[in-house]
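A.B. asks: structure-v7.cif is reproduced below (mmCIF, C-alpha atoms and all ligand atoms).
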```
data_target
loop_
_atom_site.group_PDB
_atom_site.id
_atom_site.type_symbol
_atom_site.label_atom_id
_atom_site.label_comp_id
_atom_site.auth_asym_id
_atom_site.auth_seq_id
_atom_site.Cartn_x
_atom_site.Cartn_y
_atom_site.Cartn_z
ATOM 1 C CA MET A 1 -5.765 56.499 -25.957
ATOM 2 C CA ILE A 2 -6.222 54.506 -29.076
ATOM 3 C CA GLY A 3 -8.153 51.251 -28.893
ATOM 4 C CA GLN A 4 -7.492 49.343 -32.104
ATOM 5 C CA LYS A 5 -10.363 46.935 -31.469
ATOM 6 C CA ALA A 6 -12.275 48.764 -28.710
ATOM 7 C CA GLU A 7 -16.028 48.585 -29.312
ATOM 8 C CA ALA A 8 -17.464 51.876 -30.592
ATOM 9 C CA SER A 9 -21.088 50.904 -29.947
ATOM 10 C CA GLY A 10 -22.663 50.355 -26.555
ATOM 11 C CA GLU A 11 -22.916 46.663 -27.342
ATOM 12 C CA PHE A 12 -20.762 44.959 -24.752
ATOM 13 C CA LEU A 13 -21.259 43.457 -21.329
ATOM 14 C CA PRO A 14 -19.909 45.523 -18.411
ATOM 15 C CA ASP A 15 -19.524 42.243 -16.495
ATOM 16 C CA ASP A 16 -17.325 40.725 -19.211
ATOM 17 C CA LEU A 17 -15.443 43.650 -20.696
ATOM 18 C CA PRO A 18 -12.281 41.802 -21.744
ATOM 19 C CA GLY A 19 -14.359 39.181 -23.576
ATOM 20 C CA THR A 20 -16.986 41.406 -25.232
ATOM 21 C CA SER A 21 -15.627 44.932 -25.780
ATOM 22 C CA GLY A 22 -12.412 44.599 -27.828
ATOM 23 C CA ARG A 23 -10.462 45.328 -24.622
ATOM 24 C CA LEU A 24 -12.223 48.571 -23.762
ATOM 25 C CA ASP A 25 -11.236 47.590 -20.193
ATOM 26 C CA VAL A 26 -7.649 48.633 -21.022
ATOM 27 C CA LEU A 27 -8.855 52.103 -22.006
ATOM 28 C CA LEU A 28 -11.188 52.470 -19.033
ATOM 29 C CA ARG A 29 -8.369 51.730 -16.610
ATOM 30 C CA CYS A 30 -6.471 54.546 -18.339
ATOM 31 C CA VAL A 31 -9.475 56.829 -17.809
ATOM 32 C CA ARG A 32 -9.332 56.154 -14.082
ATOM 33 C CA ALA A 33 -5.576 56.722 -13.940
ATOM 34 C CA ALA A 34 -5.794 59.932 -15.969
ATOM 35 C CA LEU A 35 -8.814 61.569 -14.376
ATOM 36 C CA LEU A 36 -8.966 60.499 -10.764
ATOM 37 C CA TRP A 37 -6.792 60.925 -7.764
ATOM 38 C CA SER A 38 -7.807 59.312 -4.524
ATOM 39 C CA HIS A 39 -10.363 61.909 -3.474
ATOM 40 C CA GLY A 40 -11.196 63.886 -6.537
ATOM 41 C CA ILE A 41 -10.991 64.545 -10.233
ATOM 42 C CA ARG A 42 -8.170 66.175 -12.144
ATOM 43 C CA GLU A 43 -9.939 69.221 -13.498
ATOM 44 C CA ASP A 44 -7.085 70.072 -15.848
ATOM 45 C CA VAL A 45 -7.148 66.711 -17.671
ATOM 46 C CA THR A 46 -9.214 65.755 -20.698
ATOM 47 C CA VAL A 47 -9.253 62.136 -21.841
ATOM 48 C CA TYR A 48 -10.028 61.012 -25.379
ATOM 49 C CA LEU A 49 -10.707 57.372 -26.233
ATOM 50 C CA VAL A 50 -10.409 56.485 -29.911
ATOM 51 C CA LEU A 51 -12.600 53.439 -30.553
ATOM 52 C CA CYS A 52 -11.771 51.527 -33.714
ATOM 53 C CA GLY A 53 -13.753 48.302 -33.189
ATOM 54 C CA GLY A 54 -17.204 47.122 -34.257
ATOM 55 C CA PRO A 55 -19.693 48.292 -36.911
ATOM 56 C CA ARG A 56 -20.069 51.865 -35.581
ATOM 57 C CA ALA A 57 -16.310 52.550 -35.600
ATOM 58 C CA PRO A 58 -14.457 54.775 -35.755
ATOM 59 C CA ARG A 59 -15.775 56.971 -32.977
ATOM 60 C CA ALA A 60 -14.220 58.931 -30.144
ATOM 61 C CA LEU A 61 -15.355 59.519 -26.585
ATOM 62 C CA ARG A 62 -14.175 62.592 -24.668
ATOM 63 C CA ILE A 63 -14.312 63.124 -20.898
ATOM 64 C CA ARG A 64 -13.387 66.510 -19.511
ATOM 65 C CA GLY A 65 -12.270 66.547 -15.878
ATOM 66 C CA SER A 66 -13.404 70.145 -15.554
ATOM 67 C CA SER A 67 -17.077 69.391 -16.112
ATOM 68 C CA ALA A 68 -17.668 65.630 -15.777
ATOM 69 C CA ARG A 69 -19.735 64.537 -12.791
ATOM 70 C CA PHE A 70 -19.950 61.237 -10.905
ATOM 71 C CA ILE A 71 -16.882 59.643 -12.463
ATOM 72 C CA ARG A 72 -16.229 56.629 -10.269
ATOM 73 C CA PRO A 73 -12.989 54.673 -10.021
ATOM 74 C CA ASP A 74 -14.321 51.146 -10.521
ATOM 75 C CA GLU A 75 -14.173 49.603 -13.961
ATOM 76 C CA ARG A 76 -17.803 48.479 -13.912
ATOM 77 C CA SER A 77 -19.135 52.010 -13.334
ATOM 78 C CA LEU A 78 -16.847 53.380 -16.024
ATOM 79 C CA ALA A 79 -18.054 50.648 -18.385
ATOM 80 C CA THR A 80 -21.676 51.562 -17.685
ATOM 81 C CA LEU A 81 -20.918 55.228 -18.380
ATOM 82 C CA ALA A 82 -19.204 54.273 -21.658
ATOM 83 C CA ARG A 83 -22.039 51.927 -22.664
ATOM 84 C CA LYS A 84 -24.762 54.542 -22.083
ATOM 85 C CA THR A 85 -22.755 57.236 -23.856
ATOM 86 C CA LEU A 86 -21.937 55.048 -26.852
ATOM 87 C CA ALA A 87 -25.555 53.914 -27.184
ATOM 88 C CA SER A 88 -26.408 57.528 -28.088
ATOM 89 C CA ARG A 89 -26.768 58.491 -31.744
ATOM 90 C CA ALA A 90 -26.254 62.207 -31.032
ATOM 91 C CA ASP A 91 -23.034 62.240 -33.078
ATOM 92 C CA GLU A 92 -24.690 60.940 -36.261
ATOM 93 C CA GLY A 93 -24.641 63.701 -38.852
ATOM 94 C CA ALA A 94 -22.911 66.064 -36.421
ATOM 95 C CA ASP A 95 -19.577 67.729 -36.944
ATOM 96 C CA GLY A 96 -17.132 67.175 -34.078
ATOM 97 C CA PHE A 97 -17.919 66.283 -30.479
ATOM 98 C CA VAL A 98 -21.472 66.310 -29.139
ATOM 99 C CA GLU A 99 -21.959 66.374 -25.373
ATOM 100 C CA VAL A 100 -24.356 63.661 -24.216
ATOM 101 C CA ARG A 101 -24.003 64.248 -20.449
ATOM 102 C CA PRO A 102 -22.020 66.822 -18.467
ATOM 103 C CA GLY A 103 -18.388 66.644 -19.529
ATOM 104 C CA VAL A 104 -18.899 63.514 -21.644
ATOM 105 C CA ALA A 105 -19.057 63.786 -25.438
ATOM 106 C CA ILE A 106 -18.856 61.580 -28.506
ATOM 107 C CA ALA A 107 -17.798 62.113 -32.091
ATOM 108 C CA ARG A 108 -17.641 60.201 -35.310
ATOM 109 C CA GLN A 109 -14.328 59.742 -37.149
ATOM 110 C CA GLY A 110 -12.155 58.608 -34.257
ATOM 111 C CA LEU A 111 -8.634 59.970 -34.312
ATOM 112 C CA GLU A 112 -9.418 62.717 -36.840
ATOM 113 C CA SER A 113 -12.118 64.186 -34.541
ATOM 114 C CA VAL A 114 -9.659 64.142 -31.664
ATOM 115 C CA LEU A 115 -6.916 65.855 -33.652
ATOM 116 C CA SER A 116 -9.212 68.629 -34.812
ATOM 117 C CA ASP A 117 -10.608 69.074 -31.279
ATOM 118 C CA LEU A 118 -7.051 69.382 -29.921
ATOM 119 C CA GLY A 119 -5.999 72.014 -32.407
ATOM 120 C CA PRO A 120 -2.372 72.550 -33.356
ATOM 121 C CA VAL A 121 -0.642 71.136 -30.207
ATOM 122 C CA PRO A 122 1.673 68.452 -31.706
ATOM 123 C CA GLY A 123 1.910 66.226 -28.614
ATOM 124 C CA PHE A 124 3.955 63.203 -27.645
ATOM 125 C CA VAL A 125 3.607 59.566 -28.654
ATOM 126 C CA LEU A 126 4.292 57.369 -25.637
ATOM 127 C CA GLU A 127 6.374 54.426 -26.781
ATOM 128 C CA GLU A 128 8.692 51.868 -25.355
ATOM 129 C CA GLY A 129 12.355 52.704 -26.019
ATOM 130 C CA ALA A 130 11.710 56.368 -26.856
ATOM 131 C CA PRO A 131 13.689 59.252 -25.268
ATOM 132 C CA ASP A 132 12.862 59.414 -21.559
ATOM 133 C CA LEU A 133 10.305 61.889 -20.213
ATOM 134 C CA ARG A 134 12.578 62.379 -17.186
ATOM 135 C CA ASP A 135 15.301 63.795 -19.430
ATOM 136 C CA SER A 136 12.911 66.096 -21.238
ATOM 137 C CA GLU A 137 11.677 69.467 -20.091
ATOM 138 C CA GLU A 138 9.360 69.694 -23.072
ATOM 139 C CA ALA A 139 6.188 68.467 -21.440
ATOM 140 C CA THR A 140 6.522 70.888 -18.512
ATOM 141 C CA GLY A 141 4.147 73.818 -18.210
ATOM 142 C CA GLY A 142 1.393 74.796 -20.613
ATOM 143 C CA GLU A 143 -0.650 72.212 -22.422
ATOM 144 C CA ALA A 144 0.693 68.768 -23.131
ATOM 145 C CA VAL A 145 -0.942 66.055 -25.199
ATOM 146 C CA PHE A 146 0.055 62.396 -24.892
ATOM 147 C CA PHE A 147 -1.002 59.603 -27.257
ATOM 148 C CA LEU A 148 -1.075 56.031 -25.959
ATOM 149 C CA GLY A 149 -1.667 52.658 -27.557
ATOM 150 C CA ASP A 150 -3.729 49.798 -26.139
ATOM 151 C CA HIS A 151 -2.606 46.203 -25.564
ATOM 152 C CA LEU A 152 -1.756 46.047 -29.293
ATOM 153 C CA GLY A 153 0.252 49.271 -29.361
ATOM 154 C CA PHE A 154 -0.115 51.593 -32.385
ATOM 155 C CA ASP A 155 -0.898 50.483 -35.913
ATOM 156 C CA GLU A 156 1.357 51.845 -38.649
ATOM 157 C CA ARG A 157 -1.275 54.225 -40.067
ATOM 158 C CA THR A 158 -1.796 55.918 -36.693
ATOM 159 C CA ARG A 159 1.928 56.138 -36.114
ATOM 160 C CA GLU A 160 2.378 57.852 -39.493
ATOM 161 C CA ARG A 161 -0.578 60.201 -38.908
ATOM 162 C CA LEU A 162 0.809 61.325 -35.546
ATOM 163 C CA ALA A 163 4.327 61.727 -36.925
ATOM 164 C CA ALA A 164 2.954 63.841 -39.797
ATOM 165 C CA ARG A 165 1.360 66.115 -37.219
ATOM 166 C CA GLY A 166 4.725 66.560 -35.527
ATOM 167 C CA ALA A 167 4.092 64.386 -32.448
ATOM 168 C CA ARG A 168 7.377 63.222 -30.958
ATOM 169 C CA PRO A 169 8.115 59.891 -29.242
ATOM 170 C CA LEU A 170 8.600 59.907 -25.469
ATOM 171 C CA GLY A 171 9.224 57.011 -23.082
ATOM 172 C CA VAL A 172 8.850 56.281 -19.386
ATOM 173 C CA GLY A 173 11.628 53.787 -18.831
ATOM 174 C CA PRO A 174 13.110 50.562 -20.136
ATOM 175 C CA ARG A 175 10.153 48.186 -19.766
ATOM 176 C CA SER A 176 6.937 47.813 -21.731
ATOM 177 C CA LEU A 177 4.270 48.763 -19.178
ATOM 178 C CA HIS A 178 0.522 48.410 -19.090
ATOM 179 C CA ALA A 179 -1.022 51.543 -20.572
ATOM 180 C CA GLU A 180 -2.688 52.619 -17.315
ATOM 181 C CA ASP A 181 0.666 52.418 -15.507
ATOM 182 C CA VAL A 182 2.200 54.648 -18.163
ATOM 183 C CA VAL A 183 -0.534 57.217 -17.494
ATOM 184 C CA ALA A 184 0.201 57.085 -13.754
ATOM 185 C CA VAL A 185 3.951 57.528 -14.301
ATOM 186 C CA VAL A 186 3.474 60.466 -16.684
ATOM 187 C CA LEU A 187 1.042 62.267 -14.383
ATOM 188 C CA ASN A 188 3.241 61.629 -11.370
ATOM 189 C CA GLU A 189 6.168 63.205 -13.207
ATOM 190 C CA LEU A 190 4.061 66.218 -14.209
ATOM 191 C CA ASP A 191 2.655 66.558 -10.658
ATOM 192 C CA ARG A 192 6.203 66.629 -9.270
ATOM 193 C CA ARG A 193 7.281 69.253 -11.789
ATOM 194 C CA GLN A 194 4.264 71.386 -11.004
ATOM 195 C CA ALA A 195 4.884 71.106 -7.245
ATOM 196 C CA SER A 196 8.554 72.048 -7.588
ATOM 197 C CA ARG A 197 7.625 75.192 -9.539
ATOM 198 C CA ARG A 198 5.369 76.470 -6.740
HETATM 199 C C1 LIG A 201 0.946 47.330 -23.186
HETATM 200 S S1 LIG A 201 1.679 48.582 -24.141
HETATM 201 C C2 LIG A 201 1.593 47.937 -25.789
HETATM 202 C C3 LIG A 201 2.381 46.729 -26.005
HETATM 203 C C4 LIG A 201 2.208 46.192 -27.391
HETATM 204 N N1 LIG A 201 2.405 44.778 -27.326
HETATM 205 C C5 LIG A 201 3.176 46.810 -28.377
HETATM 206 O O1 LIG A 201 4.042 46.115 -28.848
HETATM 207 O O2 LIG A 201 3.088 48.001 -28.693
HETATM 208 C C6 LIG A 201 0.437 49.815 -24.208
HETATM 209 C C7 LIG A 201 0.919 51.191 -24.521
HETATM 210 O O3 LIG A 201 1.571 51.741 -23.385
HETATM 211 C C8 LIG A 201 2.561 52.648 -23.781
HETATM 212 N N2 LIG A 201 3.843 52.204 -23.175
HETATM 213 C C9 LIG A 201 4.129 50.994 -22.636
HETATM 214 N N3 LIG A 201 5.363 50.999 -22.112
HETATM 215 C C10 LIG A 201 5.876 52.225 -22.306
HETATM 216 C C11 LIG A 201 7.119 52.859 -21.979
HETATM 217 N N4 LIG A 201 8.102 52.217 -21.359
HETATM 218 N N5 LIG A 201 7.285 54.160 -22.323
HETATM 219 C C12 LIG A 201 6.271 54.843 -22.955
HETATM 220 N N6 LIG A 201 5.091 54.297 -23.289
HETATM 221 C C13 LIG A 201 4.895 53.011 -22.980
HETATM 222 C C14 LIG A 201 2.570 52.672 -25.294
HETATM 223 O O4 LIG A 201 1.780 53.775 -25.734
HETATM 224 C C15 LIG A 201 1.922 51.346 -25.634
HETATM 225 O O5 LIG A 201 1.298 51.387 -26.897
#
```
If you convert what's in this file into structure tokens, what do you get?
Ligand SMILES: C[S@@+](CC[C@H](N)C(=O)[O-])C[C@H]1O[C@@H](n2cnc3c(N)ncnc32)[C@H](O)[C@@H]1O
C.D. replies:
Amino acid sequence: MIGQKAEASGEFLPDDLPGTSGRLDVLLRCVRAALLWSHGIREDVTVYLVLCGGPRAPRALRIRGSSARFIRPDERSLATLARKTLASRADEGADGFVEVRPGVAIARQGLESVLSDLGPVPGFVLEEGAPDLRDSEEATGGEAVFFLGDHLGFDERTRERLAARGARPLGVGPRSLHAEDVVAVVLNELDRRQASRR
């Protein structure tokens, strides 16, 4: 998830996220949708937040469902986790992601750190008006990587960088949805495919 203005330092107020964090709230709602089901964590999901706002940008925050602990569904708790993690300077001078608590890591260099952490999987760019996920078997089975924009969508540079890597556009229907709803629709589709293969 790419936050064009999302604050890369821990300097925001969890009680006023929309007003102080460059809309990190949009990304944190995606974290909840991607990592949590009603009574547990999706151990096979890893979430990356690319944070392009503020003086410490760009940075990236990674949460692995397989090893993260105490991930709670409410936005305030997620904001507190993000704030404490981003206040760390463990990534300064380091190459790639540095774990600062179980399953939660940070890196300098934003999108580039994420792409090198992911390796060669090209992935899909979720975009309004793109070919429908429902008509595509491509994301079924194996590893799938999905890139999402925030309330501002993707900037041209990011779009070009992802296209150069071979990421293909994929859509989830005719309307422009909130990013967290897109995450829920994609995971629901993948859950159904997984269940029908059993
Ligand atoms: C609220 S939308 C962004 C709207 C923004 N005003 C724009 O023009 O790009 C947030 C993100 O959700 C994803 N998204 C929204 N609707 C979608 C759809 N129908 N299919 C696939 N992705 C979608 C895209 O990644 C988008 O960048």
A.B. asks: Please measure the separation of CA of Phe147 (chain A) and atom C14 of ligand LIG 201 (chain A), giving the value in Å to one decimal.
C.D. replies: 8.0 Å
A.B. asks: Out of A:Arg165, A:Arg108, A:His151, A:Arg159, which residue has the shortest atom-to-atom distance to ligand LIG 201 (chain A) when counting only C-alpha atoms and all ligand atoms?
C.D. replies: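 Of A:Arg165, A:Arg108, A:His151, A:Arg159, the one nearest ligand LIG 201 (chain A), counting only C-alpha atoms and all ligand atoms, is A:His151.
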A.B. asks: To test your reading of the syntax: which residues would the PyMOL selection byres (((chain A and resi 98) around 12) and not hetatm) return for the file shown? Reply as a JSON list (two decimals) with C-alpha atoms, keeping the file's coordinate frame.
C.D. replies:
```
[["chain", "number", "residue", "atom", "x", "y", "z"],
["A", 59, "ARG", "CA", -15.78, 56.97, -32.98],
["A", 60, "ALA", "CA", -14.22, 58.93, -30.14],
["A", 61, "LEU", "CA", -15.36, 59.52, -26.58],
["A", 62, "ARG", "CA", -14.18, 62.59, -24.67],
["A", 63, "ILE", "CA", -14.31, 63.12, -20.90],
["A", 85, "THR", "CA", -22.76, 57.24, -23.86],
["A", 86, "LEU", "CA", -21.94, 55.05, -26.85],
["A", 88, "SER", "CA", -26.41, 57.53, -28.09],
["A", 89, "ARG", "CA", -26.77, 58.49, -31.74],
["A", 90, "ALA", "CA", -26.25, 62.21, -31.03],
["A", 91, "ASP", "CA", -23.03, 62.24, -33.08],
["A", 92, "GLU", "CA", -24.69, 60.94, -36.26],
["A", 93, "GLY", "CA", -24.64, 63.70, -38.85],
["A", 94, "ALA", "CA", -22.91, 66.06, -36.42],
["A", 95, "ASP", "CA", -19.58, 67.73, -36.94],
["A", 96, "GLY", "CA", -17.13, 67.18, -34.08],
["A", 97, "PHE", "CA", -17.92, 66.28, -30.48],
["A", 99, "GLU", "CA", -21.96, 66.37, -25.37],
["A", 100, "VAL", "CA", -24.36, 63.66, -24.22],
["A", 101, "ARG", "CA", -24.00, 64.25, -20.45],
["A", 102, "PRO", "CA", -22.02, 66.82, -18.47],
["A", 103, "GLY", "CA", -18.39, 66.64, -19.53],
["A", 104, "VAL", "CA", -18.90, 63.51, -21.64],
["A", 105, "ALA", "CA", -19.06, 63.79, -25.44],
["A", 106, "ILE", "CA", -18.86, 61.58, -28.51],
["A", 107, "ALA", "CA", -17.80, 62.11, -32.09],
["A", 108, "ARG", "CA", -17.64, 60.20, -35.31],
["A", 113, "SER", "CA", -12.12, 64.19, -34.54],
["A", 117, "ASP", "CA", -10.61, 69.07, -31.28]]
```
A.B. asks: Which residue, A:Thr158, A:Ser21, A:Ser176, A:Asn188, has the smallest gap to ligand LIG 201 (chain A) when you use only C-alpha atoms and all ligand atoms?
C.D. replies: A:Ser176
A.B. asks: Taking all atoms listed in the file into account, which residues have an atom no farther than 8 Å from ligand LIG 201 (chain A)? I'd like them as a list in words.
C.D. replies: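 With all atoms listed in the file and a cut-off of 8 Å, ligand LIG 201 (chain A) is contacted by Val125, Leu126, Glu127, Glu128, Gly129, Ala130, Asp132, Phe147, Leu148, Gly149, Asp150, His151, Leu152, Gly153, Phe154, Leu170, Gly171, Val172, Gly173, Pro174, Arg175, Ser176, Leu177, His178, Ala179, Glu180, Asp181 and Val182 of chain A.
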A.B. asks: What gap, in Å, lies between CA of Ala57 (chain A) and CA of Asp155 (chain A)?
C.D. replies: 15.6 Å
A.B. asks: Report, in Å to a single decimal, how far apart CA of Gly142 (chain A) and CA of Leu51 (chain A) are.
C.D. replies: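 Separating CA of Leu51 (chain A) from CA of Gly142 (chain A) is a distance of 27.4 Å.
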A.B. asks: Apply the PyMOL selection byres (((chain A and resi 168) around 7) and not hetatm) to the file shown and report the selected residues as a list of chain:residue names.
C.D. replies: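 Selection result, ordered by chain and number: A:Gly123, A:Phe124, A:Val125, A:Ala163, A:Gly166, A:Ala167, A:Pro169, A:Leu170.
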A.B. asks: Using all atoms listed in the file, pick whichever of A:Ser136, A:Ser9, A:Gln194, A:Ser77 has the shortest atom-to-atom distance to Gly54 (chain A).
C.D. replies: A:Ser9
